[in-house]
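Trainee: Contents of upload-v1.cif (mmCIF, C-alpha atoms):
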data_start
#
loop_
_atom_site.group_PDB
_atom_site.id
_atom_site.type_symbol
_atom_site.label_atom_id
_atom_site.label_comp_id
_atom_site.auth_asym_id
_atom_site.auth_seq_id
_atom_site.Cartn_x
_atom_site.Cartn_y
_atom_site.Cartn_z
ATOM 1 C CA MET I 1019 132.250 113.356 24.631
ATOM 2 C CA TYR I 1020 130.111 115.421 26.973
ATOM 3 C CA ARG I 1021 132.914 117.057 28.934
ATOM 4 C CA PHE I 1022 132.135 120.335 27.142
ATOM 5 C CA LEU I 1023 129.087 120.637 29.405
ATOM 6 C CA LEU I 1024 131.440 121.342 32.313
ATOM 7 C CA THR I 1025 133.120 124.309 30.652
ATOM 8 C CA PRO I 1026 132.377 127.826 31.994
ATOM 9 C CA ARG I 1027 130.639 128.709 28.730
ATOM 10 C CA TRP I 1028 128.161 125.854 29.083
ATOM 11 C CA TRP I 1029 127.683 126.518 32.782
ATOM 12 C CA GLY I 1030 126.502 129.992 31.790
ATOM 13 C CA ILE I 1031 124.228 128.602 29.060
ATOM 14 C CA ASN I 1032 122.694 126.018 31.392
ATOM 15 C CA VAL I 1033 122.076 128.543 34.162
ATOM 16 C CA PHE I 1034 120.408 130.903 31.685
ATOM 17 C CA VAL I 1035 118.144 128.117 30.354
ATOM 18 C CA ALA I 1036 117.317 126.899 33.869
ATOM 19 C CA LEU I 1037 116.160 130.405 34.796
ATOM 20 C CA ALA I 1038 114.584 131.454 31.490
ATOM 21 C CA ILE I 1039 112.202 128.512 31.081
ATOM 22 C CA PRO I 1040 110.463 128.855 34.502
ATOM 23 C CA VAL I 1041 110.208 132.640 34.026
ATOM 24 C CA CYS I 1042 108.612 132.218 30.591
ATOM 25 C CA LEU I 1043 106.184 129.577 31.871
ATOM 26 C CA PHE I 1044 105.272 131.709 34.891
ATOM 27 C CA MET I 1045 104.657 134.829 32.798
ATOM 28 C CA GLY I 1046 102.634 132.858 30.266
ATOM 29 C CA SER I 1047 100.506 131.343 33.016
ATOM 30 C CA TRP I 1048 100.018 134.767 34.605
ATOM 31 C CA GLN I 1049 98.890 136.315 31.323
ATOM 32 C CA LEU I 1050 96.501 133.395 30.810
ATOM 33 C CA SER I 1051 95.041 133.934 34.280
ATOM 34 C CA ARG I 1052 94.537 137.639 33.446
ATOM 35 C CA PHE I 1053 92.617 136.641 30.323
ATOM 36 C CA GLU I 1054 90.487 134.201 32.312
ATOM 37 C CA ASP I 1055 89.788 136.916 34.909
ATOM 38 C CA ARG I 1056 88.593 139.259 32.170
ATOM 39 C CA VAL I 1057 86.346 136.537 30.759
ATOM 40 C CA GLN I 1058 84.877 136.000 34.223
ATOM 41 C CA ASP I 1059 84.400 139.756 34.683
ATOM 42 C CA HIS I 1060 82.608 139.838 31.347
ATOM 43 C CA GLU I 1061 80.228 137.081 32.427
ATOM 44 C CA ASP I 1062 79.617 138.761 35.787
ATOM 45 C CA ALA I 1063 78.970 142.085 34.065
ATOM 46 C CA LYS I 1064 76.387 140.521 31.764
ATOM 47 C CA ARG I 1065 74.570 139.112 34.767
ATOM 48 C CA GLN I 1066 74.710 142.466 36.571
ATOM 49 C CA ALA I 1067 73.453 144.322 33.504
ATOM 50 C CA THR I 1068 70.251 142.299 33.691
ATOM 51 C CA VAL I 1069 68.543 144.001 36.612
ATOM 52 C CA ASP I 1070 66.490 141.739 38.840
ATOM 53 C CA THR I 1071 63.308 143.746 39.281
ATOM 54 C CA SER I 1072 61.961 141.232 41.786
ATOM 55 C CA GLY I 1073 64.609 142.173 44.372
ATOM 56 C CA LYS I 1074 64.215 144.980 46.825
ATOM 57 C CA ALA I 1075 65.813 148.265 45.841
ATOM 58 C CA ARG I 1076 68.474 149.598 48.188
ATOM 59 C CA PRO I 1077 68.943 153.264 49.153
ATOM 60 C CA LEU I 1078 71.246 155.120 46.809
ATOM 61 C CA ASP I 1079 73.761 156.129 49.485
ATOM 62 C CA ALA I 1080 74.171 152.492 50.544
ATOM 63 C CA LEU I 1081 75.466 151.584 47.051
ATOM 64 C CA LEU I 1082 77.995 154.377 46.602
ATOM 65 C CA PRO I 1083 80.648 154.658 45.356
ATOM 66 C CA VAL I 1084 79.762 152.702 42.230
ATOM 67 C CA ASP I 1085 82.057 149.787 41.466
ATOM 68 C CA ARG I 1086 81.816 146.479 39.629
ATOM 69 C CA GLU I 1087 79.840 144.981 42.488
ATOM 70 C CA THR I 1088 77.209 147.716 42.778
ATOM 71 C CA SER I 1089 76.941 148.708 39.106
ATOM 72 C CA GLY I 1090 73.546 147.549 37.841
ATOM 73 C CA GLU I 1091 72.072 147.163 41.332
ATOM 74 C CA ARG I 1092 68.544 148.448 41.953
ATOM 75 C CA ALA I 1093 68.760 151.782 43.709
ATOM 76 C CA SER I 1094 66.095 154.116 45.046
ATOM 77 C CA ALA I 1095 66.215 157.827 45.803
ATOM 78 C CA THR I 1096 63.651 160.391 46.911
ATOM 79 C CA GLY I 1097 63.503 164.022 45.860
ATOM 80 C CA ARG I 1098 62.052 166.495 43.388
ATOM 81 C CA TYR I 1099 62.781 166.680 39.698
ATOM 82 C CA GLY I 1100 64.521 169.810 38.462
ATOM 83 C CA LYS I 1101 66.527 170.672 35.354
ATOM 84 C CA GLN I 1102 65.927 168.471 32.314
ATOM 85 C CA LEU I 1103 68.546 167.794 29.627
ATOM 86 C CA LEU I 1104 68.788 165.706 26.479
ATOM 87 C CA VAL I 1105 71.599 163.275 25.631
ATOM 88 C CA PRO I 1106 71.743 162.998 21.818
ATOM 89 C CA ASP I 1107 73.085 160.276 19.532
ATOM 90 C CA ARG I 1108 72.173 157.323 21.709
ATOM 91 C CA THR I 1109 71.239 154.027 20.057
ATOM 92 C CA LEU I 1110 68.635 151.617 21.411
ATOM 93 C CA ASP I 1111 67.566 148.414 19.646
ATOM 94 C CA GLY I 1112 69.494 149.505 16.570
ATOM 95 C CA ARG I 1113 67.682 152.833 16.304
ATOM 96 C CA ARG I 1114 69.178 156.281 16.772
ATOM 97 C CA GLY I 1115 67.636 158.584 19.344
ATOM 98 C CA TYR I 1116 68.314 160.403 22.582
ATOM 99 C CA TYR I 1117 67.994 160.054 26.334
ATOM 100 C CA VAL I 1118 65.781 162.250 28.453
ATOM 101 C CA LEU I 1119 67.929 163.089 31.476
ATOM 102 C CA THR I 1120 66.347 164.824 34.470
ATOM 103 C CA MET I 1121 68.179 165.950 37.589
ATOM 104 C CA LEU I 1122 66.612 164.754 40.843
ATOM 105 C CA HIS I 1123 67.271 167.082 43.790
ATOM 106 C CA THR I 1124 67.406 164.512 46.575
ATOM 107 C CA THR I 1125 66.621 164.932 50.249
ATOM 108 C CA ALA I 1126 70.394 164.754 50.850
ATOM 109 C CA GLY I 1127 70.799 168.085 49.065
ATOM 110 C CA LYS I 1128 72.569 166.722 45.975
ATOM 111 C CA SER I 1129 71.417 166.232 42.386
ATOM 112 C CA LEU I 1130 71.138 162.736 40.915
ATOM 113 C CA PRO I 1131 71.098 162.346 37.120
ATOM 114 C CA VAL I 1132 68.100 160.175 36.213
ATOM 115 C CA VAL I 1133 67.600 158.801 32.703
ATOM 116 C CA ARG I 1134 63.827 158.675 32.503
ATOM 117 C CA GLY I 1135 63.867 157.008 29.087
ATOM 118 C CA TRP I 1136 64.691 157.150 25.388
ATOM 119 C CA LEU I 1137 63.007 158.710 22.367
ATOM 120 C CA PRO I 1138 63.794 158.081 18.679
ATOM 121 C CA GLY I 1139 65.099 160.671 16.245
ATOM 122 C CA ASP I 1140 66.970 163.937 16.723
ATOM 123 C CA ALA I 1141 67.079 165.489 20.179
ATOM 124 C CA ASP I 1142 64.034 167.758 20.535
ATOM 125 C CA ALA I 1143 63.127 169.325 23.875
ATOM 126 C CA ARG I 1144 59.550 169.897 22.667
ATOM 127 C CA ARG I 1145 58.979 166.135 22.374
ATOM 128 C CA ALA I 1146 60.478 165.272 25.761
ATOM 129 C CA PRO I 1147 57.717 164.918 28.372
ATOM 130 C CA ALA I 1148 57.965 167.068 31.468
ATOM 131 C CA PRO I 1149 58.907 165.287 34.708
ATOM 132 C CA PRO I 1150 56.353 164.678 37.462
ATOM 133 C CA ARG I 1151 55.807 167.459 39.971
ATOM 134 C CA GLY I 1152 56.211 167.175 43.709
ATOM 135 C CA GLU I 1153 58.242 164.682 45.703
ATOM 136 C CA VAL I 1154 58.893 161.365 43.989
ATOM 137 C CA THR I 1155 60.790 158.172 44.724
ATOM 138 C CA VAL I 1156 62.640 156.771 41.735
ATOM 139 C CA THR I 1157 63.857 153.208 41.321
ATOM 140 C CA GLY I 1158 66.284 152.008 38.695
ATOM 141 C CA ALA I 1159 69.647 150.518 37.833
ATOM 142 C CA LEU I 1160 72.649 152.302 39.317
ATOM 143 C CA GLN I 1161 75.343 153.260 36.801
ATOM 144 C CA ALA I 1162 78.829 154.741 37.089
ATOM 145 C CA SER I 1163 79.580 158.121 35.534
ATOM 146 C CA GLU I 1164 80.398 157.855 31.854
ATOM 147 C CA SER I 1165 83.731 158.715 30.278
ATOM 148 C CA PRO I 1166 84.667 159.543 26.668
ATOM 149 C CA SER I 1167 85.538 155.852 26.166
ATOM 150 C CA SER I 1168 82.219 154.555 27.514
ATOM 151 C CA ASP I 1169 80.095 152.475 25.195
ATOM 152 C CA GLY I 1170 77.532 154.680 23.456
ATOM 153 C CA VAL I 1171 79.227 158.035 24.114
ATOM 154 C CA ARG I 1172 79.660 159.758 20.756
ATOM 155 C CA THR I 1173 79.532 163.442 21.612
ATOM 156 C CA ALA I 1174 81.260 165.208 24.507
ATOM 157 C CA GLY I 1175 81.027 168.904 23.675
ATOM 158 C CA GLY I 1176 79.902 171.539 21.215
ATOM 159 C CA LEU I 1177 76.212 170.810 21.785
ATOM 160 C CA PRO I 1178 73.277 173.238 21.843
ATOM 161 C CA ALA I 1179 71.961 174.544 25.146
ATOM 162 C CA GLY I 1180 69.917 171.952 26.987
ATOM 163 C CA GLN I 1181 71.976 169.028 25.708
ATOM 164 C CA VAL I 1182 74.876 167.096 27.193
ATOM 165 C CA GLY I 1183 76.980 164.446 25.500
ATOM 166 C CA MET I 1184 78.120 162.473 28.533
ATOM 167 C CA ILE I 1185 76.365 161.532 31.752
ATOM 168 C CA SER I 1186 78.957 162.333 34.391
ATOM 169 C CA ALA I 1187 79.403 164.587 37.386
ATOM 170 C CA ALA I 1188 82.180 166.443 35.552
ATOM 171 C CA SER I 1189 79.949 167.348 32.601
ATOM 172 C CA LEU I 1190 76.922 168.257 34.736
ATOM 173 C CA VAL I 1191 78.458 170.126 37.654
ATOM 174 C CA ASN I 1192 78.378 173.467 35.818
ATOM 175 C CA LEU I 1193 74.792 173.011 34.633
ATOM 176 C CA VAL I 1194 73.078 172.642 38.011
ATOM 177 C CA PRO I 1195 73.507 174.624 41.249
ATOM 178 C CA ASP I 1196 73.785 171.529 43.478
ATOM 179 C CA ASP I 1197 76.573 169.042 43.952
ATOM 180 C CA VAL I 1198 76.127 166.142 41.528
ATOM 181 C CA TYR I 1199 76.382 162.464 42.439
ATOM 182 C CA ASN I 1200 79.220 160.650 40.708
ATOM 183 C CA ALA I 1201 76.634 158.162 39.457
ATOM 184 C CA TRP I 1202 73.334 158.044 37.636
ATOM 185 C CA VAL I 1203 70.187 155.916 37.542
ATOM 186 C CA THR I 1204 68.256 154.601 34.578
ATOM 187 C CA LEU I 1205 64.595 154.006 35.407
ATOM 188 C CA GLU I 1206 63.367 150.467 34.972
ATOM 189 C CA ARG I 1207 59.970 151.587 33.665
ATOM 190 C CA GLY I 1208 59.303 154.221 31.024
ATOM 191 C CA THR I 1209 56.415 156.673 31.261
ATOM 192 C CA ASP I 1210 54.784 159.198 28.942
ATOM 193 C CA GLY I 1211 55.969 157.385 25.824
ATOM 194 C CA LEU I 1212 59.579 157.068 26.979
ATOM 195 C CA LYS I 1213 61.275 153.737 26.401
ATOM 196 C CA PRO I 1214 63.311 152.490 29.393
ATOM 197 C CA VAL I 1215 67.077 152.383 28.863
ATOM 198 C CA PRO I 1216 68.668 149.067 29.931
ATOM 199 C CA ALA I 1217 71.619 149.070 32.310
ATOM 200 C CA ALA I 1218 75.071 148.938 30.766
ATOM 201 C CA ALA I 1219 77.879 146.657 31.866
ATOM 202 C CA PRO I 1220 80.642 148.252 33.971
ATOM 203 C CA GLU I 1221 83.617 149.636 32.092
ATOM 204 C CA ASP I 1222 86.744 147.473 31.698
ATOM 205 C CA SER I 1223 84.713 144.327 32.271
ATOM 206 C CA GLY I 1224 84.244 143.147 28.706
ATOM 207 C CA LEU I 1225 86.294 141.129 26.243
ATOM 208 C CA ASP I 1226 88.038 144.207 24.880
ATOM 209 C CA MET I 1227 91.424 144.564 23.196
ATOM 210 C CA LYS I 1228 93.214 144.286 26.554
ATOM 211 C CA ALA I 1229 91.761 140.830 27.106
ATOM 212 C CA PHE I 1230 93.003 139.567 23.746
ATOM 213 C CA GLN I 1231 96.357 141.227 24.357
ATOM 214 C CA ASN I 1232 96.667 139.065 27.463
ATOM 215 C CA LEU I 1233 95.876 136.009 25.352
ATOM 216 C CA GLY I 1234 98.469 137.048 22.772
ATOM 217 C CA TYR I 1235 101.108 137.598 25.447
ATOM 218 C CA THR I 1236 100.324 134.125 26.796
ATOM 219 C CA GLY I 1237 101.249 132.591 23.453
ATOM 220 C CA GLU I 1238 104.373 134.725 23.159
ATOM 221 C CA TRP I 1239 105.756 133.651 26.540
ATOM 222 C CA PHE I 1240 105.143 129.958 25.817
ATOM 223 C CA VAL I 1241 106.785 130.361 22.394
ATOM 224 C CA PHE I 1242 109.787 131.984 24.098
ATOM 225 C CA ALA I 1243 110.071 128.975 26.411
ATOM 226 C CA GLY I 1244 109.979 126.598 23.450
ATOM 227 C CA PHE I 1245 112.542 128.723 21.582
ATOM 228 C CA VAL I 1246 114.953 128.572 24.535
ATOM 229 C CA VAL I 1247 114.683 124.767 24.626
ATOM 230 C CA PHE I 1248 115.124 124.554 20.841
ATOM 231 C CA MET I 1249 118.258 126.728 20.878
ATOM 232 C CA TRP I 1250 119.749 124.749 23.779
ATOM 233 C CA PHE I 1251 119.328 121.454 21.908
ATOM 234 C CA ARG I 1252 120.694 123.007 18.742
ATOM 235 C CA LEU I 1253 123.838 124.231 20.511
ATOM 236 C CA PHE I 1254 124.163 120.942 22.383
ATOM 237 C CA ARG I 1255 123.960 118.896 19.182
ATOM 238 C CA ARG I 1256 126.539 121.077 17.454
ATOM 239 C CA GLU I 1257 128.958 120.848 20.401
ATOM 240 C CA ARG I 1258 128.417 117.086 20.687
ATOM 241 C CA GLU I 1259 129.197 116.573 17.004
ATOM 242 C CA ALA I 1260 132.305 118.750 17.313
ATOM 243 C CA ALA I 1261 133.448 116.765 20.376
ATOM 244 C CA ARG I 1262 132.878 113.463 18.558
ATOM 245 C CA ASP I 1263 134.815 114.628 15.514
ATOM 246 C CA GLU I 1264 137.668 115.694 17.776
ATOM 247 C CA GLU I 1265 137.767 112.276 19.485
ATOM 248 C CA LEU I 1266 137.882 110.551 16.099
ATOM 249 C CA GLY I 1267 140.644 112.853 14.929
ATOM 250 C CA LEU I 1268 138.568 114.240 12.122
ATOM 251 C CA MET I 1269 139.093 117.854 13.115
ATOM 252 C CA GLN I 1270 142.874 117.389 13.175
ATOM 253 C CA ALA I 1271 142.802 115.755 9.777
ATOM 254 C CA GLU I 1272 140.767 118.593 8.355
ATOM 255 C CA ALA I 1273 143.197 121.111 9.852
ATOM 256 C CA GLU I 1274 146.196 119.264 8.293
ATOM 257 C CA ASP I 1275 144.460 119.146 4.929
ATOM 258 C CA ALA I 1276 143.824 122.862 5.134
ATOM 259 C CA GLN I 1277 147.480 123.578 5.955
ATOM 260 C CA SER I 1278 149.010 121.287 3.311
ATOM 261 C CA PRO I 1279 150.229 123.089 0.137
ATOM 262 C CA GLN I 1280 147.898 122.839 -2.794
ATOM 263 C CA PRO I 1281 149.317 121.830 -6.194
ATOM 264 C CA SER I 1282 149.716 124.820 -8.458
ATOM 265 C CA ALA I 1283 147.898 124.869 -11.707
ATOM 266 C CA THR I 1284 150.112 124.764 -14.783
#
Give the structure from the file, written as structure tokens.
Mentor:
Amino acid sequence: MYRFLLTPRWWGINVFVALAIPVCLFMGSWQLSRFEDRVQDHEDAKRQATVDTSGKARPLDALLPVDRETSGERASATGRYGKQLLVPDRTLDGRRGYYVLTMLHTTAGKSLPVVRGWLPGDADARRAPAPPRGEVTVTGALQASESPSSDGVRTAGGLPAGQVGMISAASLVNLVPDDVYNAWVTLERGTDGLKPVPAAAPEDSGLDMKAFQNLGYTGEWFVFAGFVVFMWFRLFRREREAARDEELGLMQAEAEDAQSPQPSAT
């Protein structure tokens, strides 16, 4: 009854199933591991976003370039404040306002963007307090340059003079004479009425659409594996029933009935 399993057709089917099921299970497991990695990155990012102010700040140059490990770390830099800019349309604690961004000309000869704090309302240079004079040492959370997809970025261009929509070396390089660090620092303590801006989690470390795509692909691959098994059993059952009918002579009888002349209607 099961001799049909030895035919070339069924050899091909069995080889396909034997290869397809492990591939589907492997791909599903891999997609699941990608989702779990993104969940872990999200948890790590939340811990990094909470800056430990009790730890000792490290020199800025020792933490560059900014990556997932150094983002949110306490960094310190020494220099003199220079050009001041405003970053509009930034929300803090559910309120709309703007960042006060001041460039720090460091002893290394480069400019570091420093977010000194946040003020509510529309961006107004007259309300933004002037930076301290003379040499200062700033301490705050190190952040990577923003991109148009960064959380909180709503405006990238078309702003009045003295405003910038994105805190990045690319958007600041033409506004200051010095080279600009590909990073920025948000001060951990606000002064002169400025509210400190908390550190943000690194990009691509949250439970975004990509993470749930991985979870969806996991389900798809496991469904494919189940579908392959289902189709194999369906074909097997149909072939087994056909082989049984042939052994019992049922198929031959049906063929003879189909070939026998039918009585004509009068």
Trainee: Taking only residues of segment 1020-1112 of chain I that have an atom at most 6 Å from an atom of segment 1237-1260 of chain I, what is each one's shortest atom pair and its distance in Å to one decimal, using only C-alpha atoms, in chain and number order, as JSON lines?
Mentor:
{"residue": "I:Ile1039", "atom": "CA", "partner": "I:Ala1243", "partner_atom": "CA", "distance": 5.2}
{"residue": "I:Cys1042", "atom": "CA", "partner": "I:Trp1239", "partner_atom": "CA", "distance": 5.2}
{"residue": "I:Gly1046", "atom": "CA", "partner": "I:Trp1239", "partner_atom": "CA", "distance": 4.9}
Trainee: Starting from the point (70.8, 145.5, 46.1), work out which residues of protein, DNA or RNA have an atom no more than 8 Å away when counting all atoms listed in the file; state them as JSON, numbers by chain.
Mentor: {"I": [1073, 1074, 1075, 1076, 1081, 1088, 1091, 1092, 1093]}
Trainee: Report the closest atom pair, with its distance in Å rounded to one decimal, for each residue of segment 1107-1131 of chain I that has an atom no farther than 10 Å from segment 1205-1215 of chain I; count all atoms listed in the file, sort by chain and then rising residue number, and write it as JSON lines.
Mentor:
{"residue": "I:Thr1109", "atom": "CA", "partner": "I:Val1215", "partner_atom": "CA", "distance": 9.9}
{"residue": "I:Leu1110", "atom": "CA", "partner": "I:Val1215", "partner_atom": "CA", "distance": 7.7}
{"residue": "I:Tyr1117", "atom": "CA", "partner": "I:Val1215", "partner_atom": "CA", "distance": 8.1}
{"residue": "I:Val1118", "atom": "CA", "partner": "I:Leu1212", "partner_atom": "CA", "distance": 8.2}
Trainee: Which residue is closest to Ala1188 of chain I? Choose from I:Pro1147, I:Leu1024, I:Pro1131, I:Glu1153 and count all atoms listed in the file.
Mentor: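 Of I:Pro1147, I:Leu1024, I:Pro1131, I:Glu1153, the one nearest Ala1188 of chain I is I:Pro1131, counting all atoms listed in the file.
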Trainee: Dig up all the protein and nucleic acid residues within 10 Å of (67.6, 170.9, 46.1) in the file frame, using all atoms listed in the file, and format them as a PyMOL selection string.
Mentor: chain I and resi 1097-1100+1121-1129+1194-1197
Trainee: So that I have them on file, write out the residues from the current selection with C-alpha atoms, as a PDB file, in the coordinates of the input.
Mentor:
ATOM      1  CA  GLY I1097      63.503 164.022  45.860  1.00  0.00           C
ATOM      2  CA  ARG I1098      62.052 166.495  43.388  1.00  0.00           C
ATOM      3  CA  TYR I1099      62.781 166.680  39.698  1.00  0.00           C
ATOM      4  CA  GLY I1100      64.521 169.810  38.462  1.00  0.00           C
ATOM      5  CA  MET I1121      68.179 165.950  37.589  1.00  0.00           C
ATOM      6  CA  LEU I1122      66.612 164.754  40.843  1.00  0.00           C
ATOM      7  CA  HIS I1123      67.271 167.082  43.790  1.00  0.00           C
ATOM      8  CA  THR I1124      67.406 164.512  46.575  1.00  0.00           C
ATOM      9  CA  THR I1125      66.621 164.932  50.249  1.00  0.00           C
ATOM     10  CA  ALA I1126      70.394 164.754  50.850  1.00  0.00           C
ATOM     11  CA  GLY I1127      70.799 168.085  49.065  1.00  0.00           C
ATOM     12  CA  LYS I1128      72.569 166.722  45.975  1.00  0.00           C
ATOM     13  CA  SER I1129      71.417 166.232  42.386  1.00  0.00           C
ATOM     14  CA  VAL I1194      73.078 172.642  38.011  1.00  0.00           C
ATOM     15  CA  PRO I1195      73.507 174.624  41.249  1.00  0.00           C
ATOM     16  CA  ASP I1196      73.785 171.529  43.478  1.00  0.00           C
ATOM     17  CA  ASP I1197      76.573 169.042  43.952  1.00  0.00           C
TER      18      ASP I1197
END
Trainee: Specify as a list in words each residue included when the PyMOL selection byres ((chain I and resi 1155) around 8) is applied to this file.
Mentor: Ser1094, Ala1095, Thr1096, Gly1097, Glu1153, Val1154, Val1156 and Thr1157 of chain I
Trainee: Kindly give the distance, in Å, that separates atom CA of Val1033 of chain I and atom CA of Leu1050 of chain I, rounded to a single decimal.
Mentor: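 Rounded to one decimal, the two atoms are 26.2 Å apart.
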Trainee: Edge lengths and centre in Å to one decimal, as lines of an AutoDock Vina configuration file, is what I'm after for the box along x, y and z that holds all listed atoms of segment 1021-1027 of chain I once 4 Å is added on each side.
Mentor:
center_x = 131.1
center_y = 122.9
center_z = 29.7
size_x = 12.0
size_y = 19.7
size_z = 13.2
Trainee: Do you have the atom CA of Gly1115 of chain I-atom CA of Trp1136 of chain I distance handy?
Mentor: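 Going from atom CA of Gly1115 of chain I over to atom CA of Trp1136 of chain I covers 6.9 Å.
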Trainee: Work out how far apart atom CA of Gly1139 of chain I and atom CA of Gln1181 of chain I are and give it in Å to one decimal.
Mentor: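 Here the two named atoms are 14.4 Å from each other.
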Trainee: May I ask which of the residues I:Arg1056, I:Arg1086, I:Arg1144, I:Arg1108 is the closest one to Asp1169 of chain I, counting all atoms listed in the file?
Mentor: I:Arg1108
Trainee: For a quick check of understanding, using all atoms listed in the file, which of I:Ala1146, I:Val1084, I:Leu1177, I:Ala1261 has the smallest distance to Ala1162 of chain I?
Mentor: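 Looking only at the distances to Ala1162 of chain I, the closest residue turns out to be I:Val1084.
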Trainee: Rank I:Ala1036, I:Met1045, I:Ala1143, I:Ala1080 by their smallest atom-to-atom distance to Val1105 of chain I, using all atoms listed in the file, and report the top residue only.
Mentor: I:Ala1143
